[in-house]
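Reading through the structure tokens given below for one structure.
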Amino acid sequence: MTTLITKTITKICLPLIILFSISLLLAGHNNPGGGFIGGVMFASVIALTYVAYGLDYIKSFFDPDWSNWFGFGLLLASLTAFAALAFSHNFFRSAVEFVHLPFFGEIELVSAGLFDIGVYFVVIGGLLSIFKNVGDDK
């Protein structure tokens with residue numbers, strides 16, 4: 001049983017930490033951050049929600065299969081790593097493209113970003129599968 005303060009703080013922190021985890025994911029190629037730490041932040045706020053509200057209450061309206069997230073991330077990261085071989089480059093070679101967008105200016109698109117997104121989903125799926133299976137154990 002948790003207190004009203006814990007539940008209120010969790011409601012406030014949930015969207016902020018999810019946005020922060022996405023920010024870490026997107027900044028990861030050029031700055032500190034990336035898929036791993038962004039995924040850990042996302043998993044931590046979902047785990048906080050499980051602790052504050054209880055697993056049964058959360059499962060009544062939000063019950064994803066976290067192992068599917070793990071599988072999707074692993075597939076995306078693997079395809080990104082092997083994609084360079086299809087273009088006669090070395091394994092895991094990164095491609096860079098600069099795109100000009102009207103309101104944002106010049107944006108750098110890097111194929112390593114897809115790998116980071118795959119790692120993000122692997123970490124979220126792996127950690128939350130563990131948390132959910134441990135929490136389900138009666």
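For the structure tokens, the naming scheme is as follows: chains receive sequential letters (A, B, ...) according to their order of presentation, residues are indexed from 1 within each chain, and ligands are indexed from 1 in presentation order.
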- Would you return as a VMD selection string the members of region 2-120 of chain A that DSSP assigns to helix (DSSP H, G or I) on this structure's backbone? chain A and resid 4 to 27 35 to 53 55 to 59 66 to 86 112 to 120
- Message: With DSSP run on the backbone, what are the strand (DSSP E) residues within chain A? I'd like them as a VMD selection string.
- Response: chain A and resid 96 to 101 105 to 110
Please list as an mmCIF file with N, CA and C atoms, in the first residue's frame every residue within 12 Å of Trp69 (chain A), counting only C-alpha atoms and excluding residues in the same chain fewer than 2 positions away.
```
data_model
loop_
_atom_site.group_PDB
_atom_site.id
_atom_site.type_symbol
_atom_site.label_atom_id
_atom_site.label_comp_id
_atom_site.auth_asym_id
_atom_site.auth_seq_id
_atom_site.Cartn_x
_atom_site.Cartn_y
_atom_site.Cartn_z
ATOM 1 N N GLY A 39 16.237 3.853 -22.425
ATOM 2 C CA GLY A 39 15.404 2.697 -22.098
ATOM 3 C C GLY A 39 15.341 2.433 -20.603
ATOM 4 N N ALA A 43 11.943 2.427 -18.415
ATOM 5 C CA ALA A 43 11.593 1.262 -17.598
ATOM 6 C C ALA A 43 11.473 1.642 -16.126
ATOM 7 N N PRO A 64 0.783 -4.406 -21.791
ATOM 8 C CA PRO A 64 1.474 -4.824 -23.013
ATOM 9 C C PRO A 64 2.339 -6.053 -22.766
ATOM 10 N N ASP A 65 2.624 -6.763 -23.829
ATOM 11 C CA ASP A 65 3.546 -7.888 -23.749
ATOM 12 C C ASP A 65 4.943 -7.333 -23.998
ATOM 13 N N TRP A 66 5.690 -7.160 -22.933
ATOM 14 C CA TRP A 66 6.991 -6.510 -23.025
ATOM 15 C C TRP A 66 7.993 -7.328 -23.835
ATOM 16 N N SER A 67 7.796 -8.629 -23.921
ATOM 17 C CA SER A 67 8.718 -9.442 -24.718
ATOM 18 C C SER A 67 8.600 -9.111 -26.212
ATOM 19 N N GLY A 71 11.675 -8.171 -28.705
ATOM 20 C CA GLY A 71 11.875 -8.778 -30.023
ATOM 21 C C GLY A 71 11.952 -7.750 -31.134
ATOM 22 N N PHE A 72 11.073 -6.735 -31.079
ATOM 23 C CA PHE A 72 11.105 -5.681 -32.087
ATOM 24 C C PHE A 72 12.433 -4.928 -32.051
ATOM 25 N N GLY A 73 12.895 -4.599 -30.849
ATOM 26 C CA GLY A 73 14.154 -3.874 -30.707
ATOM 27 C C GLY A 73 15.342 -4.679 -31.195
ATOM 28 N N LEU A 74 15.339 -5.965 -30.879
ATOM 29 C CA LEU A 74 16.435 -6.834 -31.321
ATOM 30 C C LEU A 74 16.442 -6.958 -32.848
ATOM 31 N N LEU A 75 15.259 -7.077 -33.435
ATOM 32 C CA LEU A 75 15.158 -7.149 -34.894
ATOM 33 C C LEU A 75 15.644 -5.854 -35.543
ATOM 34 N N LEU A 76 15.216 -4.709 -35.014
ATOM 35 C CA LEU A 76 15.610 -3.426 -35.578
ATOM 36 C C LEU A 76 17.115 -3.192 -35.452
ATOM 37 N N ILE A 117 17.493 3.199 -31.372
ATOM 38 C CA ILE A 117 16.070 2.941 -31.135
ATOM 39 C C ILE A 117 15.855 1.452 -30.846
ATOM 40 N N GLY A 118 16.567 0.588 -31.570
ATOM 41 C CA GLY A 118 16.487 -0.841 -31.294
ATOM 42 C C GLY A 118 16.962 -1.179 -29.893
ATOM 43 N N VAL A 119 18.077 -0.585 -29.477
ATOM 44 C CA VAL A 119 18.586 -0.811 -28.119
ATOM 45 C C VAL A 119 17.588 -0.300 -27.085
ATOM 46 N N TYR A 120 16.963 0.833 -27.366
ATOM 47 C CA TYR A 120 15.945 1.422 -26.485
ATOM 48 C C TYR A 120 14.816 0.415 -26.228
ATOM 49 N N PHE A 121 14.313 -0.188 -27.298
ATOM 50 C CA PHE A 121 13.229 -1.157 -27.145
ATOM 51 C C PHE A 121 13.696 -2.456 -26.500
ATOM 52 N N VAL A 122 14.928 -2.874 -26.752
ATOM 53 C CA VAL A 122 15.465 -4.085 -26.110
ATOM 54 C C VAL A 122 15.556 -3.880 -24.601
ATOM 55 N N VAL A 123 16.062 -2.742 -24.183
ATOM 56 C CA VAL A 123 16.218 -2.471 -22.748
ATOM 57 C C VAL A 123 14.857 -2.363 -22.075
ATOM 58 N N ILE A 124 13.925 -1.636 -22.696
ATOM 59 C CA ILE A 124 12.586 -1.511 -22.112
ATOM 60 C C ILE A 124 11.924 -2.885 -22.010
ATOM 61 N N GLY A 125 11.942 -3.630 -23.105
ATOM 62 C CA GLY A 125 11.297 -4.940 -23.108
ATOM 63 C C GLY A 125 11.936 -5.908 -22.128
ATOM 64 N N GLY A 126 13.263 -5.924 -22.074
ATOM 65 C CA GLY A 126 13.950 -6.845 -21.164
ATOM 66 C C GLY A 126 13.702 -6.518 -19.700
ATOM 67 N N LEU A 127 13.891 -5.254 -19.325
ATOM 68 C CA LEU A 127 13.715 -4.875 -17.921
ATOM 69 C C LEU A 127 12.267 -5.033 -17.460
ATOM 70 N N LEU A 128 11.327 -4.585 -18.269
ATOM 71 C CA LEU A 128 9.934 -4.652 -17.833
ATOM 72 C C LEU A 128 9.382 -6.074 -17.889
ATOM 73 N N SER A 129 9.919 -6.926 -18.743
ATOM 74 C CA SER A 129 9.543 -8.350 -18.692
ATOM 75 C C SER A 129 9.991 -8.956 -17.368
#
```
- Message: Let me make sure I understand: among A:Phe61, A:Phe98, A:Phe42, A:Tyr50, which one has the smallest atom-to-atom distance to Lys132 (chain A) if we use only C-alpha atoms?
- Response: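 Of the candidates, the smallest distance to Lys132 (chain A) is held by A:Tyr50.
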- Quick one: residues within 12 Å of Ser23 (chain A), only C-alpha atoms counted, chain neighbours fewer than 6 positions away excluded, as a PyMOL selection string? chain A and resi 16-17+29+31-35+37-39+41-42+117+120
With N, CA and C atoms retained, write the just-selected residues as a compact mmCIF listing (two decimals), in the first residue's frame.
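Okay, part_27.txt is ready:
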```txt
# COMPACT_ATOMS: atom_id res chain seq x y z
N LEU A 16 6.91 13.41 -17.59
CA LEU A 16 8.19 14.12 -17.64
C LEU A 16 9.36 13.16 -17.87
N ILE A 17 9.35 12.04 -17.18
CA ILE A 17 10.45 11.09 -17.33
C ILE A 17 10.37 10.38 -18.68
N HIS A 29 23.38 10.01 -30.17
CA HIS A 29 24.44 9.80 -31.15
C HIS A 29 25.53 10.87 -31.04
N ASN A 31 25.64 13.38 -28.37
CA ASN A 31 25.83 13.85 -27.00
C ASN A 31 25.69 12.66 -26.05
N PRO A 32 26.01 12.86 -24.76
CA PRO A 32 25.79 11.75 -23.82
C PRO A 32 24.33 11.33 -23.78
N GLY A 33 24.12 10.06 -23.75
CA GLY A 33 22.77 9.50 -23.77
C GLY A 33 22.74 8.35 -24.75
N GLY A 34 21.58 8.00 -25.19
CA GLY A 34 21.45 6.94 -26.17
C GLY A 34 20.33 5.99 -25.81
N GLY A 35 20.28 4.89 -26.55
CA GLY A 35 19.20 3.94 -26.40
C GLY A 35 19.21 3.23 -25.06
N ILE A 37 20.49 4.17 -21.90
CA ILE A 37 20.09 4.97 -20.75
C ILE A 37 18.66 5.50 -20.91
N GLY A 38 18.25 5.79 -22.14
CA GLY A 38 16.86 6.20 -22.38
C GLY A 38 15.89 5.08 -22.05
N GLY A 39 16.24 3.85 -22.42
CA GLY A 39 15.40 2.70 -22.10
C GLY A 39 15.34 2.43 -20.60
N MET A 41 15.62 4.72 -18.27
CA MET A 41 14.75 5.76 -17.69
C MET A 41 13.27 5.43 -17.91
N PHE A 42 12.93 4.99 -19.11
CA PHE A 42 11.55 4.62 -19.40
C PHE A 42 11.11 3.45 -18.51
N ILE A 117 17.49 3.20 -31.37
CA ILE A 117 16.07 2.94 -31.13
C ILE A 117 15.86 1.45 -30.85
N TYR A 120 16.96 0.83 -27.37
CA TYR A 120 15.94 1.42 -26.49
C TYR A 120 14.82 0.42 -26.23
```
- Query: Within 7 Å of Glu108 (chain A), counting only C-alpha atoms, which residues qualify if same-chain residues fewer than 6 places away don't, as a ChimeraX atom specification?
  - Reply: /A:96-99
- Query: Using only C-alpha atoms, which of the listed residues (A:Ala95, A:Ala84, A:Ala77, A:Ile9) sits closest to Val45 (chain A)?
  - Reply: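 Comparing A:Ala95, A:Ala84, A:Ala77, A:Ile9 against Val45 (chain A), the winner is A:Ile9.
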